[in-house]
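Asks: My structure is below; once you've seen it, I'll send some questions.
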Amino acid sequence: MKYNRLLIASMAFLPLMAFGQTKLSLDEGYYRVQNVTNNRYLALLDNKGYARRNGSSIDADLYALRSLNDTNKIMSNPATIVHLTKSGSDYICSAQGTSTKDITSYAFTLVKYAKGTAITVNVSSYGKAILTEYDYQTPDKIVDGERIWGVTLPDSGLVGQTGTTAGNNRIFWNFTKIDASTSNYVGFAPTLSLDGKYYDTFYAEFPFKVVSDGVTVYSVYTIYDGKAVLKPFAAGDIVPGGTSVLVECSSSKDSSNKIAPQLTKVSALAQNQLKGVYFNYYCDKISTKVHDNRTKYDASTMRVLGVSDGKLAFVKASDLTYLPANKAYLSVPAGTADVLGVMSYNDYVTGIKDVTVDKKTAASGIYTLDGKKVNKISKRGVYVVEGKKVVKK
């Protein structure tokens, strides 16, 4: 089966190079990238692809990138947040636990023109591939007895088909730095409403701080007595990148639930029962072999955020096939109850009762609550030492 590919020869690149240009110089930071022609935002929805020389052309698959419009809740979508870092005079664009260099093996060159910035992949001195946004509206057709699938993208476009002249405006992009005080912010858009609060799970590559009032971020410290123990991050804390969390907000509007991505790296949590996925992407009408990046929901070992008996809980889903992108789930052992309620970390620490310890062995060791003997108290948690409860905060 044949698919559209990015094919460009060095001579085809000359019309673009004929226009005056300079390399764009940007500070390291977090940006959104918006197409000049139709204002769609660049998003990384997969971590697969390639760019390589193929005979007399450059062959690339950049369909991990898509261009999304506002119906995709841009301001709350981590896939649209690009971390730019310098690589010589070029840039590595990171997002969603990967980078354009991981996908293509090359850094990107940003070339500034009057109309915007062209993003090129410098495969070799032989030629450069230009990232272009385009609509892909074609019907299915039969070629040599084989169905070639058409693609209709009412709310987005593809990225990858080359433009060969500077007059093709879809090769031009604007880079805008993320800033909570502007319209280019990041915010939670929770969908679960309960008792005047709004809840959701969240999973993103970047570290962040909460900016808006009325927003609390939790990890799930452990599962105790059939409940998920919610441990809040303190005000002003940086939530480590790649941390799956539960968020509680006083509004469902992302503009009221702002966070600020951070360049400061902090250590991962030592203990968190929440896990997350970056991708839920299946592009069968483009490439069945390359772009199928989904995580199947396993009802025996996964619980998702929900409501049970009017209370917040992690529940076994009845109608979920694949986990949604940039959301978290509760990782549980097989045989766990279908519904796990929640309890606060404070209640967990102060309200533990009925801890049973073998008095013959208690004096000679330190034990976790599940009965495991350890050499010393190292991680935060509750321990039994000489038959008494000890809490390390």
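Following the order of the structure tokens, chains are lettered A, B, ..., residues in each are numbered from 1, and ligands are numbered from 1.
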Name the residues of segment 242-376 of chain A that come out as strand (DSSP E) in a backbone DSSP run; write them as a PyMOL selection string.

Replies: chain A and resi 245-249+258-261+274-277+281-282+292-293+302-308+311-315+327-331+339-344+366-368+373-374

Asks: Smallest atom-to-atom distance to Ser255 of chain A: which of A:Leu320, A:Val210, A:Ala114, A:Ala189, using only C-alpha atoms?

Replies: A:Ala189

Asks: For a quick check of understanding, using only C-alpha atoms, which of A:Ala129, A:Ile259, A:Ile81, A:Leu330 has the smallest distance to Val159 of chain A?

Replies: A:Ala129

Asks: Skip Val239 of chain A itself and residues of its chain fewer than 5 positions away, then list as an NGL selection string all residues within 10 Å of it, counting only C-alpha atoms.

Replies: :A and (206-210 or 217-219 or 233-234 or 244-245 or 261-262 or 265-269)

Asks: Since we have the selection now, will you write its residues out, keeping N, CA, C and O atoms, as a CSV table (one decimal), in the first residue's frame?

Replies:
chain,number,residue,atom,x,y,z
A,206,PHE,N,6.3,17.6,31.3
A,206,PHE,CA,7.0,18.7,31.9
A,206,PHE,C,6.7,18.9,33.4
A,206,PHE,O,5.6,18.6,33.8
A,207,PRO,N,7.7,19.3,34.1
A,207,PRO,CA,7.5,19.7,35.5
A,207,PRO,C,6.6,21.0,35.5
A,207,PRO,O,6.6,21.8,34.6
A,208,PHE,N,5.8,21.1,36.6
A,208,PHE,CA,4.9,22.3,36.6
A,208,PHE,C,4.6,22.7,38.0
A,208,PHE,O,4.7,22.0,39.0
A,209,LYS,N,4.2,24.0,38.1
A,209,LYS,CA,3.7,24.6,39.4
A,209,LYS,C,2.3,25.0,39.1
A,209,LYS,O,1.9,25.4,38.0
A,210,VAL,N,1.4,24.9,40.2
A,210,VAL,CA,0.1,25.4,40.1
A,210,VAL,C,0.1,26.9,40.2
A,210,VAL,O,0.8,27.5,41.1
A,217,VAL,N,-3.3,19.4,43.6
A,217,VAL,CA,-2.7,18.3,42.8
A,217,VAL,C,-2.3,17.2,43.8
A,217,VAL,O,-1.7,17.5,44.8
A,218,TYR,N,-2.7,15.9,43.5
A,218,TYR,CA,-2.5,14.8,44.4
A,218,TYR,C,-1.7,13.7,43.6
A,218,TYR,O,-2.0,13.4,42.5
A,219,SER,N,-0.9,13.0,44.4
A,219,SER,CA,-0.5,11.7,44.0
A,219,SER,C,-1.3,10.7,44.8
A,219,SER,O,-2.0,11.0,45.7
A,233,PHE,N,0.3,17.8,46.9
A,233,PHE,CA,1.5,18.6,46.7
A,233,PHE,C,1.3,19.9,47.5
A,233,PHE,O,0.2,20.5,47.4
A,234,ALA,N,2.3,20.4,48.2
A,234,ALA,CA,2.1,21.6,48.9
A,234,ALA,C,2.1,22.8,47.9
A,234,ALA,O,2.6,22.7,46.8
A,244,SER,N,2.2,11.1,37.2
A,244,SER,CA,0.7,10.9,37.0
A,244,SER,C,0.1,11.5,38.3
A,244,SER,O,0.4,11.1,39.4
A,245,VAL,N,-0.9,12.3,38.1
A,245,VAL,CA,-1.6,13.0,39.3
A,245,VAL,C,-3.1,13.0,39.1
A,245,VAL,O,-3.6,12.9,38.0
A,261,PRO,N,4.6,25.4,33.3
A,261,PRO,CA,5.7,24.5,33.1
A,261,PRO,C,7.0,25.1,33.6
A,261,PRO,O,7.2,26.3,33.4
A,262,GLN,N,7.8,24.2,34.1
A,262,GLN,CA,9.1,24.6,34.7
A,262,GLN,C,10.3,24.0,34.0
A,262,GLN,O,10.2,22.8,33.6
A,265,LYS,N,14.4,20.8,37.0
A,265,LYS,CA,14.1,19.4,37.1
A,265,LYS,C,14.1,19.0,38.6
A,265,LYS,O,15.0,19.4,39.3
A,266,VAL,N,13.1,18.2,39.0
A,266,VAL,CA,13.1,17.8,40.4
A,266,VAL,C,12.9,16.2,40.4
A,266,VAL,O,12.5,15.6,39.4
A,267,SER,N,13.3,15.6,41.5
A,267,SER,CA,13.4,14.2,41.5
A,267,SER,C,11.9,13.6,41.5
A,267,SER,O,11.0,14.2,41.9
A,268,ALA,N,11.9,12.4,40.9
A,268,ALA,CA,10.6,11.7,40.7
A,268,ALA,C,10.1,11.3,42.1
A,268,ALA,O,10.9,11.2,43.1
A,269,LEU,N,8.8,11.2,42.3
A,269,LEU,CA,8.2,10.7,43.6
A,269,LEU,C,8.7,9.3,43.9
A,269,LEU,O,8.8,8.5,43.0

Asks: Quick one: residues within 7 Å of segment 191-204 of chain A, only C-alpha atoms counted, chain neighbours fewer than 6 positions away excluded, as a compact mmCIF listing (two decimals) with N, CA, C and O atoms, in the first residue's frame?

Replies:
# COMPACT_ATOMS: atom_id res chain seq x y z
N PRO A 78 -1.51 18.68 26.65
CA PRO A 78 -0.04 18.64 26.76
C PRO A 78 0.68 18.33 25.46
O PRO A 78 1.86 18.65 25.32
N GLN A 96 5.86 15.00 25.23
CA GLN A 96 5.24 13.69 25.38
C GLN A 96 6.24 12.56 25.61
O GLN A 96 6.09 11.45 25.09
N GLY A 241 8.25 16.25 36.33
CA GLY A 241 7.83 15.84 35.00
C GLY A 241 7.59 14.34 34.94
O GLY A 241 8.25 13.56 35.62
N GLY A 242 6.64 13.93 34.13
CA GLY A 242 6.32 12.52 34.00
C GLY A 242 5.66 11.93 35.22
O GLY A 242 5.76 10.73 35.46
N THR A 243 4.96 12.77 36.01
CA THR A 243 4.27 12.31 37.21
C THR A 243 2.77 12.25 36.96
O THR A 243 2.15 13.25 36.57
N SER A 244 2.17 11.10 37.18
CA SER A 244 0.73 10.94 37.03
C SER A 244 0.06 11.47 38.28
O SER A 244 0.44 11.11 39.40
N VAL A 245 -0.94 12.32 38.11
CA VAL A 245 -1.57 12.97 39.26
C VAL A 245 -3.09 13.01 39.09
O VAL A 245 -3.63 12.86 38.00
N LEU A 246 -3.75 13.25 40.22
CA LEU A 246 -5.17 13.58 40.25
C LEU A 246 -5.26 15.06 40.58
O LEU A 246 -4.53 15.55 41.44
N VAL A 247 -6.15 15.78 39.89
CA VAL A 247 -6.30 17.21 40.14
C VAL A 247 -7.71 17.51 40.61
O VAL A 247 -8.68 16.92 40.14
N GLU A 248 -7.79 18.43 41.56
CA GLU A 248 -9.07 18.92 42.08
C GLU A 248 -9.14 20.41 41.82
O GLU A 248 -8.22 21.15 42.18
N CYS A 249 -10.21 20.86 41.19
CA CYS A 249 -10.35 22.26 40.81
C CYS A 249 -11.71 22.79 41.24
O CYS A 249 -12.64 22.02 41.47
N SER A 250 -11.82 24.11 41.31
CA SER A 250 -13.10 24.73 41.66
C SER A 250 -13.86 25.15 40.41
O SER A 250 -14.96 25.71 40.52
N SER A 251 -13.30 24.89 39.24
CA SER A 251 -13.94 25.26 37.97
C SER A 251 -13.58 24.23 36.91
O SER A 251 -12.55 23.55 37.01
N SER A 252 -14.42 24.12 35.90
CA SER A 252 -14.11 23.24 34.77
C SER A 252 -13.38 23.97 33.66
O SER A 252 -12.96 23.35 32.67
N GLY A 276 0.56 6.61 33.98
CA GLY A 276 -0.04 7.38 32.91
C GLY A 276 0.42 6.95 31.54
O GLY A 276 1.38 6.20 31.39
N VAL A 277 -0.29 7.43 30.52
CA VAL A 277 0.09 7.18 29.13
C VAL A 277 0.10 8.51 28.38
O VAL A 277 -0.69 9.40 28.66
N ASN A 326 -2.62 11.27 27.90
CA ASN A 326 -2.31 12.26 28.93
C ASN A 326 -3.21 12.18 30.16
O ASN A 326 -3.44 13.17 30.84
N LYS A 327 -3.72 10.98 30.42
CA LYS A 327 -4.49 10.72 31.62
C LYS A 327 -3.79 9.63 32.43
O LYS A 327 -2.90 8.94 31.95
N ALA A 328 -4.23 9.50 33.69
CA ALA A 328 -3.62 8.54 34.60
C ALA A 328 -4.63 7.48 35.01
O ALA A 328 -5.85 7.69 34.92

Asks: Could you tell me how far atom CA of Asp27 of chain A sits from atom CA of Leu42 of chain A, in Å to one decimal place?

Replies: 18.9 Å

Asks: If you count only C-alpha atoms, which residues fall within 7 Å of Leu62 of chain A, apart from same-chain ones fewer than 3 positions away, as a PyMOL selection string?

Replies: chain A and resi 49-50+65+159-160

Asks: Just the number, please: distance in Å from atom CA of Arg40 of chain A to atom CA of Asp102 of chain A, one decimal.

Replies: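 Taking atom CA of Arg40 of chain A and atom CA of Asp102 of chain A, their separation equals 23.9 Å.
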